[in-house]
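*Asks:* Encoded as structure tokens, here's the structure I'll be asking about.
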Amino acid sequence: MLAVLFLSCSESDPDVISSTGYVILDYKDENSDADIRLAAFAETKSDSHRVERLEIRCAENNYRWICMDPLIFSNETKQWAGYTEFCMPLNENFKPGFYEIDYIDAQEKSVTSHFTISYDSSAFKLKSSEITEGIKINCRLYMAVYNETGTLIYYGVRKNSWKTDAMVFASVRNAAAFREYYVSNKDALVYVMPPVYKNKPKIEKTETK
């Protein structure tokens with residue numbers, strides 16, 4: 001009887017503690033405009049592996065996004081479900097304002113949370129080479145390091161000992177490339193810098209006739 005009781009409790013309604021959203025400006029190189037997307041995550045109190053899908057709604061324009069295969073990750077004390085590739089139609093940006101996120105489990109039970117997006121629209125006009133030290137000072141810096149197959153092998157703060165790019169590659173075993181992430185302390189923005197390679201990718205020359 002106790003076993004049945006505990007099982008029924010584990011299948012109770014999903015429980016979301018809070019949700020967070022960021023607009024990501026993803027720079028492929030120093031001179032191109034950023035690719036813009038939305039990342040949204042729900043911190044869950046119930047088992048995040050029960051999530052079936054996430055639905056996002058923007059109150060400003062009634063747009064709706066559905067993610068059928070959310071990312072699930074956790075640390076020692078917290079767990080999240082989310083997605084980093086929500087996109088807008090061509091030539092539109094994510095509206096500042098109020099967003100709702102529905103967390104729906106495999107039994108179609110759902111719970112709704114919300115987050116707010118705010119940013120300085122001038123950020124969308126910048127190239128990565130134009131992001132100044134003034135902007136960077138007001139951000140938290142993280143790094144993602146990848147091996148030759150593109151597998152993430154380190155994500156976290158840039159260590160004080162990594163004074164140069166060469167020191168990063170020397171310190172992280174099998175590192176082949178890395179990207180820096182500047183997370184704004186004021187706005188819901190993340191600046192993703194162009195990749196830095198240990199060995200620059202070879203560009204094959206094409207013959208012209």
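Identifiers for the structure tokens are assigned positionally: chains receive A, B, ... in sequence, residues are indexed from 1 per chain, and ligands are indexed from 1 in the order shown.
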Run DSSP on the backbone and grab whatever in stretch 4-175 of chain A lands in strand (DSSP E or B); send it over as an NGL selection string.
*Replies:* :A and (16-26 or 35-44 or 51-58 or 64-67 or 71-74 or 79-86 or 97-105 or 110-117 or 139-146 or 152-157)
*Asks:* In chain A, what's helix (DSSP H, G or I) per DSSP? Answer as a PyMOL selection string?
*Replies:* chain A and resi 2-10+48-50+121-125+128-130+133-137+165-171
*Asks:* Taking only C-alpha atoms into account, which of A:Val196, A:Leu189, A:Ala40, A:Ala166 comes nearest A:Cys87?
*Replies:*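 Between A:Val196, A:Leu189, A:Ala40, A:Ala166, the residue approaching A:Cys87 most closely is A:Ala40.
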*Asks:* Here is a test: counting only C-alpha atoms, which residue of A:Tyr119, A:Phe86, A:Tyr181, A:Trp80 is nearest to A:Arg37?
*Replies:*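 Of A:Tyr119, A:Phe86, A:Tyr181, A:Trp80, the one nearest A:Arg37, counting only C-alpha atoms, is A:Phe86.
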*Asks:* Go ahead and compute the interatomic distance for atom CA of A:Ala177 and atom CA of A:Lys28, in Å to one decimal.
*Replies:*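 That distance, rounded to one decimal, is 13.2 Å.
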*Asks:* Which neighbours of A:Pro195 fall inside 9 Å, counting only C-alpha atoms, when residues of the same chain fewer than 6 positions from it are skipped, and could you give them as a list in words?
*Replies:*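 The residues that qualify are Tyr27, Lys28, Asp29, Ala177, Phe178, Arg179 and Glu180 of chain A.
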*Asks:* Write out as a Markdown table the residues of stretch 75-166 of chain A that have any atom within 10 Å of an atom of stretch 10-25 of chain A, one row each with the nearest atom pair and its distance in Å to one decimal, counting only C-alpha atoms, sorted by chain and then rising number.
*Replies:*
| residue | atom | partner | partner_atom | distance |
| --- | --- | --- | --- | --- |
| A:Trp80 | CA | A:Ser19 | CA | 9.0 |
| A:Ala81 | CA | A:Ser19 | CA | 9.5 |
| A:Gly82 | CA | A:Ser19 | CA | 9.2 |
| A:Tyr83 | CA | A:Gly21 | CA | 9.8 |
| A:Thr84 | CA | A:Ile24 | CA | 8.4 |
| A:Glu85 | CA | A:Ile24 | CA | 9.2 |
| A:Phe86 | CA | A:Val23 | CA | 9.4 |
| A:Cys87 | CA | A:Val23 | CA | 9.8 |
| A:Asn93 | CA | A:Val23 | CA | 9.2 |
| A:Phe94 | CA | A:Val23 | CA | 7.4 |
| A:Lys95 | CA | A:Val23 | CA | 9.8 |
| A:Pro96 | CA | A:Val23 | CA | 9.7 |
| A:Tyr99 | CA | A:Gly21 | CA | 8.5 |
| A:Glu100 | CA | A:Ser19 | CA | 8.9 |
| A:Ile101 | CA | A:Ser19 | CA | 7.6 |
| A:Asp102 | CA | A:Val16 | CA | 9.5 |
| A:Tyr103 | CA | A:Pro14 | CA | 7.7 |
| A:Ile104 | CA | A:Pro14 | CA | 7.7 |
| A:Asp105 | CA | A:Pro14 | CA | 7.0 |
| A:Gln107 | CA | A:Glu11 | CA | 8.9 |
| A:Glu108 | CA | A:Asp13 | CA | 9.7 |
| A:Lys109 | CA | A:Asp13 | CA | 6.2 |
| A:Ser110 | CA | A:Pro14 | CA | 6.5 |
| A:Val111 | CA | A:Pro14 | CA | 6.4 |
| A:Thr112 | CA | A:Val16 | CA | 7.8 |
| A:Ser113 | CA | A:Ser19 | CA | 6.2 |
| A:His114 | CA | A:Ser19 | CA | 6.1 |
| A:Phe115 | CA | A:Thr20 | CA | 5.6 |
| A:Thr116 | CA | A:Gly21 | CA | 7.1 |
| A:Ile117 | CA | A:Gly21 | CA | 6.7 |
| A:Ser118 | CA | A:Tyr22 | CA | 8.9 |
| A:Tyr119 | CA | A:Val23 | CA | 8.6 |
| A:Ala123 | CA | A:Leu25 | CA | 8.7 |
| A:Phe124 | CA | A:Leu25 | CA | 7.6 |
| A:Leu126 | CA | A:Leu25 | CA | 9.7 |
| A:Lys127 | CA | A:Leu25 | CA | 9.8 |
| A:Ser128 | CA | A:Leu25 | CA | 9.3 |
*Asks:* Using only C-alpha atoms, which residues sit within 12 Å of A:Phe73 once same-chain residues fewer than 3 positions away are excluded, as an NGL selection string?
*Replies:* :A and (41-44 or 47-49 or 51 or 70 or 76-83)
*Asks:* Give me the residues near stretch 153-158 of chain A as a ChimeraX atom specification, where near means some atom within 7 Å (using only C-alpha atoms) and where sequence neighbours in that chain fewer than 3 positions away do not count.
*Replies:* /A:141-147,162
*Asks:* Of the candidates A:Ser129, A:Gly97, A:Gly150, A:Ala188, which shows the shortest atom-to-atom distance to A:Glu60, using only C-alpha atoms?
*Replies:*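 Checking each candidate against A:Glu60, we get A:Gly97 as the closest.
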*Asks:* Per residue of stretch 58-144 of chain A within 6 Å of stretch 182-185 of chain A, record the nearest atom pair and its distance in Å to one decimal, counting only C-alpha atoms, with rows in chain order and ascending residue number, as CSV.
*Replies:*
residue,atom,partner,partner_atom,distance
A:Asn138,CA,A:Asn185,CA,5.9
A:Cys139,CA,A:Ser184,CA,4.3
A:Arg140,CA,A:Val183,CA,5.1
A:Leu141,CA,A:Tyr182,CA,4.8
*Asks:* What is the distance, in Å and to one decimal place, between atom CA of A:Asp165 and atom CA of A:Ser32?
*Replies:*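 It comes out at 22.1 Å.
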*Asks:* What is the distance, in Å and to one decimal place, between atom CA of A:Leu90 and atom CA of A:Met68?
*Replies:*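 So the two atoms, atom CA of A:Leu90 and atom CA of A:Met68, lie 22.1 Å apart.
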